[in-house]
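S.K.: Data file structure.cif (mmCIF, C-alpha atoms and all ligand atoms; chains and numbers go by the auth columns) is appended below.
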```cif
data_data
#
loop_
_atom_site.group_PDB
_atom_site.id
_atom_site.type_symbol
_atom_site.label_atom_id
_atom_site.label_comp_id
_atom_site.label_asym_id
_atom_site.label_seq_id
_atom_site.Cartn_x
_atom_site.Cartn_y
_atom_site.Cartn_z
_atom_site.B_iso_or_equiv
_atom_site.auth_seq_id
_atom_site.auth_asym_id
ATOM 1 C CA MET A 1 4.142 -63.421 -101.403 0.00 1 A
ATOM 2 C CA GLU A 2 3.118 -67.009 -100.519 0.00 2 A
ATOM 3 C CA GLU A 3 5.891 -68.926 -98.729 0.00 3 A
ATOM 4 C CA THR A 4 6.548 -72.506 -99.906 0.00 4 A
ATOM 5 C CA GLN A 5 6.767 -73.758 -96.304 0.00 5 A
ATOM 6 C CA PRO A 6 4.278 -71.768 -94.192 0.00 6 A
ATOM 7 C CA VAL A 7 5.450 -70.931 -90.672 0.00 7 A
ATOM 8 C CA PRO A 8 3.725 -69.320 -87.687 0.00 8 A
ATOM 9 C CA ARG A 9 4.438 -65.586 -87.354 0.00 9 A
ATOM 10 C CA VAL A 10 4.399 -63.319 -84.305 0.00 10 A
ATOM 11 C CA GLY A 11 2.043 -60.340 -84.185 0.00 11 A
ATOM 12 C CA VAL A 12 2.047 -57.585 -81.570 0.00 12 A
ATOM 13 C CA VAL A 13 -1.298 -55.853 -81.123 0.00 13 A
ATOM 14 C CA LEU A 14 -2.160 -52.918 -78.858 0.00 14 A
ATOM 15 C CA PHE A 15 -5.169 -52.004 -76.776 0.00 15 A
ATOM 16 C CA VAL A 16 -4.459 -48.265 -76.710 0.00 16 A
ATOM 17 C CA LEU A 17 -6.657 -46.950 -73.901 0.00 17 A
ATOM 18 C CA LYS A 18 -7.892 -43.426 -73.199 0.00 18 A
ATOM 19 C CA GLY A 19 -10.457 -43.032 -70.428 0.00 19 A
ATOM 20 C CA LYS A 20 -13.051 -45.726 -71.160 0.00 20 A
ATOM 21 C CA SER A 21 -12.186 -45.800 -74.870 0.00 21 A
ATOM 22 C CA VAL A 22 -10.009 -47.932 -77.120 0.00 22 A
ATOM 23 C CA LEU A 23 -8.382 -47.042 -80.445 0.00 23 A
ATOM 24 C CA LEU A 24 -9.784 -48.969 -83.424 0.00 24 A
ATOM 25 C CA GLY A 25 -9.565 -48.714 -87.205 0.00 25 A
ATOM 26 C CA ARG A 26 -11.496 -50.407 -89.987 0.00 26 A
ATOM 27 C CA ARG A 27 -9.115 -52.724 -91.854 0.00 27 A
ATOM 28 C CA ARG A 28 -8.310 -52.675 -95.530 0.00 28 A
ATOM 29 C CA ALA A 29 -6.376 -55.934 -95.613 0.00 29 A
ATOM 30 C CA SER A 30 -6.953 -59.481 -96.844 0.00 30 A
ATOM 31 C CA ILE A 31 -7.410 -60.842 -93.311 0.00 31 A
ATOM 32 C CA GLY A 32 -10.315 -59.166 -91.550 0.00 32 A
ATOM 33 C CA GLU A 33 -11.234 -56.865 -94.450 0.00 33 A
ATOM 34 C CA SER A 34 -13.746 -54.177 -93.331 0.00 34 A
ATOM 35 C CA THR A 35 -13.650 -55.199 -89.660 0.00 35 A
ATOM 36 C CA PHE A 36 -12.678 -52.930 -86.759 0.00 36 A
ATOM 37 C CA ALA A 37 -9.272 -53.906 -85.391 0.00 37 A
ATOM 38 C CA LEU A 38 -6.557 -52.794 -83.013 0.00 38 A
ATOM 39 C CA PRO A 39 -3.295 -51.261 -84.240 0.00 39 A
ATOM 40 C CA GLY A 40 -0.410 -53.712 -84.536 0.00 40 A
ATOM 41 C CA GLY A 41 1.655 -55.805 -86.891 0.00 41 A
ATOM 42 C CA HIS A 42 4.517 -58.228 -87.300 0.00 42 A
ATOM 43 C CA LEU A 43 7.423 -58.574 -84.870 0.00 43 A
ATOM 44 C CA GLU A 44 10.696 -57.797 -86.650 0.00 44 A
ATOM 45 C CA PHE A 45 14.007 -59.508 -85.972 0.00 45 A
ATOM 46 C CA GLY A 46 15.598 -58.300 -82.716 0.00 46 A
ATOM 47 C CA GLU A 47 12.595 -56.304 -81.454 0.00 47 A
ATOM 48 C CA SER A 48 11.041 -56.441 -77.997 0.00 48 A
ATOM 49 C CA PHE A 49 7.231 -56.624 -77.897 0.00 49 A
ATOM 50 C CA GLU A 50 7.125 -53.005 -76.663 0.00 50 A
ATOM 51 C CA GLU A 51 9.445 -51.807 -79.456 0.00 51 A
ATOM 52 C CA CYS A 52 7.294 -53.552 -82.041 0.00 52 A
ATOM 53 C CA GLY A 53 4.093 -52.102 -80.567 0.00 53 A
ATOM 54 C CA ALA A 54 5.518 -48.577 -80.485 0.00 54 A
ATOM 55 C CA ARG A 55 6.826 -48.841 -84.072 0.00 55 A
ATOM 56 C CA GLU A 56 3.558 -50.242 -85.462 0.00 56 A
ATOM 57 C CA LEU A 57 1.527 -47.611 -83.602 0.00 57 A
ATOM 58 C CA MET A 58 3.685 -44.830 -85.059 0.00 58 A
ATOM 59 C CA GLU A 59 3.605 -46.334 -88.593 0.00 59 A
ATOM 60 C CA GLU A 60 -0.141 -46.920 -88.576 0.00 60 A
ATOM 61 C CA THR A 61 -1.485 -43.928 -86.601 0.00 61 A
ATOM 62 C CA GLY A 62 1.347 -41.403 -86.133 0.00 62 A
ATOM 63 C CA LEU A 63 0.820 -41.701 -82.359 0.00 63 A
ATOM 64 C CA GLU A 64 3.632 -41.984 -79.822 0.00 64 A
ATOM 65 C CA MET A 65 3.180 -44.860 -77.377 0.00 65 A
ATOM 66 C CA GLY A 66 3.619 -44.272 -73.634 0.00 66 A
ATOM 67 C CA LYS A 67 3.703 -46.946 -70.937 0.00 67 A
ATOM 68 C CA ALA A 68 2.799 -50.454 -72.119 0.00 68 A
ATOM 69 C CA ASP A 69 2.017 -53.691 -70.245 0.00 69 A
ATOM 70 C CA PHE A 70 1.697 -57.291 -71.359 0.00 70 A
ATOM 71 C CA LEU A 71 -1.934 -58.481 -71.314 0.00 71 A
ATOM 72 C CA THR A 72 -2.252 -61.894 -72.950 0.00 72 A
ATOM 73 C CA VAL A 73 -1.227 -64.067 -75.875 0.00 73 A
ATOM 74 C CA THR A 74 -3.270 -66.071 -78.390 0.00 74 A
ATOM 75 C CA ASN A 75 -2.422 -68.806 -80.854 0.00 75 A
ATOM 76 C CA LYS A 76 -4.610 -68.355 -83.901 0.00 76 A
ATOM 77 C CA VAL A 77 -4.867 -70.142 -87.247 0.00 77 A
ATOM 78 C CA PHE A 78 -6.718 -68.117 -89.881 0.00 78 A
ATOM 79 C CA LEU A 79 -8.348 -70.212 -92.595 0.00 79 A
ATOM 80 C CA ASP A 80 -9.524 -67.335 -94.828 0.00 80 A
ATOM 81 C CA LYS A 81 -10.091 -68.493 -98.403 0.00 81 A
ATOM 82 C CA SER A 82 -7.755 -65.840 -99.784 0.00 82 A
ATOM 83 C CA LYS A 83 -4.951 -66.229 -97.248 0.00 83 A
ATOM 84 C CA ARG A 84 -4.291 -69.010 -94.720 0.00 84 A
ATOM 85 C CA CYS A 85 -1.900 -68.115 -91.917 0.00 85 A
ATOM 86 C CA HIS A 86 -0.941 -68.859 -88.344 0.00 86 A
ATOM 87 C CA TYR A 87 -0.187 -66.143 -85.769 0.00 87 A
ATOM 88 C CA VAL A 88 0.999 -66.085 -82.208 0.00 88 A
ATOM 89 C CA ILE A 89 -0.393 -62.708 -81.153 0.00 89 A
ATOM 90 C CA VAL A 90 0.928 -60.797 -78.169 0.00 90 A
ATOM 91 C CA PHE A 91 -1.570 -58.250 -76.801 0.00 91 A
ATOM 92 C CA LEU A 92 -0.281 -55.220 -74.940 0.00 92 A
ATOM 93 C CA ARG A 93 -2.182 -52.514 -73.116 0.00 93 A
ATOM 94 C CA ALA A 94 -0.790 -49.052 -73.797 0.00 94 A
ATOM 95 C CA VAL A 95 -1.449 -45.394 -73.173 0.00 95 A
ATOM 96 C CA LEU A 96 -0.280 -42.502 -75.339 0.00 96 A
ATOM 97 C CA ALA A 97 2.841 -40.546 -74.453 0.00 97 A
ATOM 98 C CA ASP A 98 0.644 -37.431 -74.731 0.00 98 A
ATOM 99 C CA PRO A 99 -3.117 -38.102 -74.379 0.00 99 A
ATOM 100 C CA ASN A 100 -3.932 -35.074 -76.531 0.00 100 A
ATOM 101 C CA GLN A 101 -2.324 -36.567 -79.669 0.00 101 A
ATOM 102 C CA VAL A 102 -4.771 -37.047 -82.549 0.00 102 A
ATOM 103 C CA PRO A 103 -4.565 -40.235 -84.673 0.00 103 A
ATOM 104 C CA GLN A 104 -3.576 -39.831 -88.339 0.00 104 A
ATOM 105 C CA ASN A 105 -3.989 -42.386 -91.156 0.00 105 A
ATOM 106 C CA PRO A 106 -0.573 -42.743 -92.845 0.00 106 A
ATOM 107 C CA GLU A 107 -1.473 -46.167 -94.359 0.00 107 A
ATOM 108 C CA PRO A 108 -4.842 -45.495 -96.084 0.00 108 A
ATOM 109 C CA ASP A 109 -4.413 -48.646 -98.198 0.00 109 A
ATOM 110 C CA LYS A 110 -4.495 -50.714 -94.966 0.00 110 A
ATOM 111 C CA CYS A 111 -7.032 -48.788 -92.858 0.00 111 A
ATOM 112 C CA ASP A 112 -9.992 -46.454 -93.336 0.00 112 A
ATOM 113 C CA GLY A 113 -8.891 -44.351 -90.341 0.00 113 A
ATOM 114 C CA TRP A 114 -8.554 -44.487 -86.564 0.00 114 A
ATOM 115 C CA ASP A 115 -10.879 -43.323 -83.825 0.00 115 A
ATOM 116 C CA TRP A 116 -11.664 -43.787 -80.130 0.00 116 A
ATOM 117 C CA TYR A 117 -14.568 -46.098 -79.308 0.00 117 A
ATOM 118 C CA ASP A 118 -16.275 -46.536 -75.938 0.00 118 A
ATOM 119 C CA TRP A 119 -15.514 -50.034 -74.595 0.00 119 A
ATOM 120 C CA ASP A 120 -19.202 -50.440 -73.658 0.00 120 A
ATOM 121 C CA ASN A 121 -20.350 -49.510 -77.161 0.00 121 A
ATOM 122 C CA LEU A 122 -17.871 -51.065 -79.597 0.00 122 A
ATOM 123 C CA PRO A 123 -18.447 -50.810 -83.361 0.00 123 A
ATOM 124 C CA GLN A 124 -19.345 -53.850 -85.484 0.00 124 A
ATOM 125 C CA PRO A 125 -18.095 -56.019 -87.016 0.00 125 A
ATOM 126 C CA LEU A 126 -14.997 -56.493 -84.877 0.00 126 A
ATOM 127 C CA PHE A 127 -11.940 -58.363 -86.179 0.00 127 A
ATOM 128 C CA SER A 128 -12.431 -62.071 -85.350 0.00 128 A
ATOM 129 C CA THR A 129 -9.788 -62.406 -82.617 0.00 129 A
ATOM 130 C CA LEU A 130 -10.939 -59.200 -80.929 0.00 130 A
ATOM 131 C CA ASP A 131 -14.576 -60.293 -81.229 0.00 131 A
ATOM 132 C CA GLU A 132 -13.775 -63.636 -79.561 0.00 132 A
ATOM 133 C CA MET A 133 -11.940 -61.860 -76.720 0.00 133 A
ATOM 134 C CA VAL A 134 -14.811 -59.424 -76.102 0.00 134 A
ATOM 135 C CA ARG A 135 -17.395 -62.249 -76.168 0.00 135 A
ATOM 136 C CA SER A 136 -15.346 -64.236 -73.645 0.00 136 A
ATOM 137 C CA GLY A 137 -15.540 -61.289 -71.234 0.00 137 A
ATOM 138 C CA PHE A 138 -11.954 -60.088 -71.703 0.00 138 A
ATOM 139 C CA ASN A 139 -11.385 -56.567 -70.385 0.00 139 A
ATOM 140 C CA PRO A 140 -8.159 -54.690 -71.223 0.00 140 A
ATOM 141 C CA PHE A 141 -8.603 -51.984 -68.565 0.00 141 A
ATOM 142 C CA PRO A 142 -6.551 -52.018 -65.365 0.00 142 A
ATOM 143 C CA SER A 143 -8.557 -53.497 -62.483 0.00 143 A
ATOM 144 C CA THR A 144 -7.674 -50.738 -60.001 0.00 144 A
HETATM 145 P P1 LIG B . 3.398 -55.005 -91.026 0.00 201 A
HETATM 146 O O1 LIG B . 3.501 -55.275 -92.490 0.00 201 A
HETATM 147 O O2 LIG B . 3.149 -53.564 -90.695 0.00 201 A
HETATM 148 O O3 LIG B . 4.481 -55.649 -90.193 0.00 201 A
HETATM 149 O O4 LIG B . 2.117 -55.817 -90.568 0.00 201 A
HETATM 150 P P2 LIG B . 0.606 -55.370 -90.614 0.00 201 A
HETATM 151 O O5 LIG B . 0.114 -55.376 -91.997 0.00 201 A
HETATM 152 O O6 LIG B . 0.424 -54.122 -89.815 0.00 201 A
HETATM 153 O O7 LIG B . -0.027 -56.618 -89.814 0.00 201 A
HETATM 154 P P3 LIG B . -1.506 -56.801 -89.318 0.00 201 A
HETATM 155 O O8 LIG B . -2.226 -57.638 -90.324 0.00 201 A
HETATM 156 O O9 LIG B . -2.125 -55.508 -88.936 0.00 201 A
HETATM 157 O O10 LIG B . -1.284 -57.626 -87.948 0.00 201 A
HETATM 158 C C1 LIG B . -0.672 -58.894 -87.948 0.00 201 A
HETATM 159 C C2 LIG B . -1.651 -59.971 -87.602 0.00 201 A
HETATM 160 O O11 LIG B . -2.081 -59.912 -86.256 0.00 201 A
HETATM 161 C C3 LIG B . -2.949 -59.954 -88.361 0.00 201 A
HETATM 162 O O12 LIG B . -2.792 -60.347 -89.703 0.00 201 A
HETATM 163 C C4 LIG B . -3.765 -60.904 -87.551 0.00 201 A
HETATM 164 C C5 LIG B . -3.307 -60.594 -86.154 0.00 201 A
HETATM 165 N N1 LIG B . -4.312 -59.806 -85.422 0.00 201 A
HETATM 166 C C6 LIG B . -5.272 -60.362 -84.611 0.00 201 A
HETATM 167 N N2 LIG B . -6.048 -59.381 -84.065 0.00 201 A
HETATM 168 C C7 LIG B . -5.595 -58.211 -84.557 0.00 201 A
HETATM 169 C C8 LIG B . -6.024 -56.877 -84.368 0.00 201 A
HETATM 170 O O13 LIG B . -6.967 -56.553 -83.640 0.00 201 A
HETATM 171 N N3 LIG B . -5.319 -55.920 -85.044 0.00 201 A
HETATM 172 C C9 LIG B . -4.252 -56.250 -85.847 0.00 201 A
HETATM 173 N N4 LIG B . -3.605 -55.243 -86.459 0.00 201 A
HETATM 174 N N5 LIG B . -3.826 -57.501 -86.045 0.00 201 A
HETATM 175 C C10 LIG B . -4.495 -58.473 -85.413 0.00 201 A
HETATM 176 O O14 LIG B . -5.388 -61.553 -84.445 0.00 201 A
HETATM 177 MG MG MG B . 1.680 -52.400 -89.682 0.00 202 A
HETATM 178 MG MG MG B . -1.337 -53.551 -88.800 0.00 203 A
#
```
Write the structure described by the file as structure tokens, please.
M.R.:
Amino acid sequence: MEETQPVPRVGVVLFVLKGKSVLLGRRRASIGESTFALPGGHLEFGESFEECGARELMEETGLEMGKADFLTVTNKVFLDKSKRCHYVIVFLRAVLADPNQVPQNPEPDKCDGWDWYDWDNLPQPLFSTLDEMVRSGFNPFPST
């Protein structure tokens, strides 16, 4: 539903890492339709970033989040014809509680399905914010 007075919203998005791979799914949503994106969603009242990330990961993939670290934050205004919005997006790096868990697709109306993609061979097209980060040389993997 379109708000009368638009306000910025907070998104929490996860780089879920396994080996040299990252978890991506092709979106079925008005913003970024058909692009490959990270799991994540809107911060709810009272949540920490980690709680939001863990909840969204479970809702969207059925996976249980393990340790998570803050990576970076972006301030992004989307001017899509269908939907204009403004997000402050908090990016976390996370691993799975159990690396053998297999992603499910409980929200097929929002995503075509989840899979692991090699960081050095990412699928195209990437969601715009993710694409900009990759092009700028951003690397979500721990440096050590
Ligand atoms: P919810 O109803 O479950 O709370 O939200 P959602 O439907 O899961 O939200 P979302 O669109 O997946 O994520 C919120 C916003 O975060 C999204 O509209 C734009 C921003 N965003 C980025 N990059 C990425 C990304 O790679 N993945 C996701 N999921 N969102 C991203 O800027
Ligand atoms: Mg969600
Ligand atoms: Mg989402």
S.K.: Please write as a ChimeraX atom specification the full residue list that the PyMOL selection byres (((not hetatm)) within 9 of (chain A and resi 202)) yields on this file.
M.R.: /A:39-42,55-57,59-60,107,110
S.K.: Please enumerate the residues selected by the PyMOL selection byres (((not hetatm)) within 9 of (chain A and resi 201)) when evaluated against the supplied file, formatted as an mmCIF file with C-alpha atoms, in the frame of the given file.
M.R.:
```
data_model
loop_
_atom_site.group_PDB
_atom_site.id
_atom_site.type_symbol
_atom_site.label_atom_id
_atom_site.label_comp_id
_atom_site.auth_asym_id
_atom_site.auth_seq_id
_atom_site.Cartn_x
_atom_site.Cartn_y
_atom_site.Cartn_z
ATOM 1 C CA ARG A 9 4.438 -65.586 -87.354
ATOM 2 C CA VAL A 10 4.399 -63.319 -84.305
ATOM 3 C CA GLY A 11 2.043 -60.340 -84.185
ATOM 4 C CA VAL A 12 2.047 -57.585 -81.570
ATOM 5 C CA VAL A 13 -1.298 -55.853 -81.123
ATOM 6 C CA LEU A 14 -2.160 -52.918 -78.858
ATOM 7 C CA PHE A 15 -5.169 -52.004 -76.776
ATOM 8 C CA LEU A 24 -9.784 -48.969 -83.424
ATOM 9 C CA GLY A 25 -9.565 -48.714 -87.205
ATOM 10 C CA ARG A 27 -9.115 -52.724 -91.854
ATOM 11 C CA ALA A 29 -6.376 -55.934 -95.613
ATOM 12 C CA SER A 30 -6.953 -59.481 -96.844
ATOM 13 C CA ILE A 31 -7.410 -60.842 -93.311
ATOM 14 C CA GLY A 32 -10.315 -59.166 -91.550
ATOM 15 C CA PHE A 36 -12.678 -52.930 -86.759
ATOM 16 C CA ALA A 37 -9.272 -53.906 -85.391
ATOM 17 C CA LEU A 38 -6.557 -52.794 -83.013
ATOM 18 C CA PRO A 39 -3.295 -51.261 -84.240
ATOM 19 C CA GLY A 40 -0.410 -53.712 -84.536
ATOM 20 C CA GLY A 41 1.655 -55.805 -86.891
ATOM 21 C CA HIS A 42 4.517 -58.228 -87.300
ATOM 22 C CA LEU A 43 7.423 -58.574 -84.870
ATOM 23 C CA GLU A 44 10.696 -57.797 -86.650
ATOM 24 C CA CYS A 52 7.294 -53.552 -82.041
ATOM 25 C CA ARG A 55 6.826 -48.841 -84.072
ATOM 26 C CA GLU A 56 3.558 -50.242 -85.462
ATOM 27 C CA GLU A 59 3.605 -46.334 -88.593
ATOM 28 C CA GLU A 60 -0.141 -46.920 -88.576
ATOM 29 C CA THR A 74 -3.270 -66.071 -78.390
ATOM 30 C CA ASN A 75 -2.422 -68.806 -80.854
ATOM 31 C CA LYS A 76 -4.610 -68.355 -83.901
ATOM 32 C CA PHE A 78 -6.718 -68.117 -89.881
ATOM 33 C CA CYS A 85 -1.900 -68.115 -91.917
ATOM 34 C CA HIS A 86 -0.941 -68.859 -88.344
ATOM 35 C CA TYR A 87 -0.187 -66.143 -85.769
ATOM 36 C CA VAL A 88 0.999 -66.085 -82.208
ATOM 37 C CA ILE A 89 -0.393 -62.708 -81.153
ATOM 38 C CA VAL A 90 0.928 -60.797 -78.169
ATOM 39 C CA PHE A 91 -1.570 -58.250 -76.801
ATOM 40 C CA LYS A 110 -4.495 -50.714 -94.966
ATOM 41 C CA LEU A 126 -14.997 -56.493 -84.877
ATOM 42 C CA PHE A 127 -11.940 -58.363 -86.179
ATOM 43 C CA SER A 128 -12.431 -62.071 -85.350
ATOM 44 C CA THR A 129 -9.788 -62.406 -82.617
ATOM 45 C CA LEU A 130 -10.939 -59.200 -80.929
ATOM 46 C CA ASP A 131 -14.576 -60.293 -81.229
#
```
S.K.: Please indicate the distance in Å from CA of Asp115 in chain A to CA of Leu17 in chain A, rounded to one decimal place.
M.R.: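 Here the two named atoms are 11.4 Å from each other.
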S.K.: If I take CA of Gly113 in chain A and CA of Ser34 in chain A, how far is one from the other in Å, to one decimal?
M.R.: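 These two atoms are separated by 11.4 Å.
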S.K.: For CA of Glu51 in chain A and CA of Pro6 in chain A, quote the distance in Å rounded to one decimal.
M.R.: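 Result for CA of Glu51 in chain A versus CA of Pro6 in chain A: 25.3 Å, one decimal.
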S.K.: So, with only C-alpha atoms as the atoms that count, which of A:Asp118, A:Asp112, A:Asp80, A:Glu50 lies closest to Glu64 in chain A?
M.R.: A:Glu50
S.K.: Go through A:Leu122, A:Val73, A:Val134, A:Ala54 and flag the residue nearest ligand MG 203 (chain A), using all atoms listed in the file for the distances.
M.R.: A:Ala54
S.K.: Run through the PyMOL selection byres (((chain A and resi 19) around 10) and not hetatm) on the given coordinates and return the selected residues as a ChimeraX atom specification.
M.R.: /A:17-18,20-22,95,99,116,118-119,141
S.K.: Select, from A:Gln5, A:Asn105, A:Thr72, A:Gln124, the residue with the minimum atom-to-atom distance to ligand MG 203 (chain A), counting only C-alpha atoms and all ligand atoms.
M.R.: A:Asn105
S.K.: Taking all atoms of range 20-31 of chain A that the file lists, what box with edges along x, y and z, padded by 8 Å per side, do you get, with centre and edge lengths in Å to one decimal, as JSON?
M.R.:
```
{"center_x": -9.7, "center_y": -53.3, "center_z": -84.0, "size_x": 22.7, "size_y": 31.1, "size_z": 41.7}
```
S.K.: Looking at all atoms listed in the file, which of A:Asp109, A:Glu132, A:Glu47, A:Asp120 is the one that sits closest to ligand MG 203 (chain A)?
M.R.: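 Distance minimum relative to ligand MG 203 (chain A) lands on A:Asp109.
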S.K.: Restricting the calculation to all atoms listed in the file, which member of A:Cys111, A:Pro142, A:Gly137, A:Arg93 is positioned closest to Lys67 in chain A?
M.R.: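 Selected residue with least distance to Lys67 in chain A: A:Arg93.
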S.K.: Give the answer as one residue: which of A:Met58, A:Val102, A:Met65, A:Val7 has the shortest atom-to-atom distance to ligand MG 203 (chain A), using all atoms listed in the file?
M.R.: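 Counting all atoms listed in the file, the residue closest to ligand MG 203 (chain A) is A:Met58.
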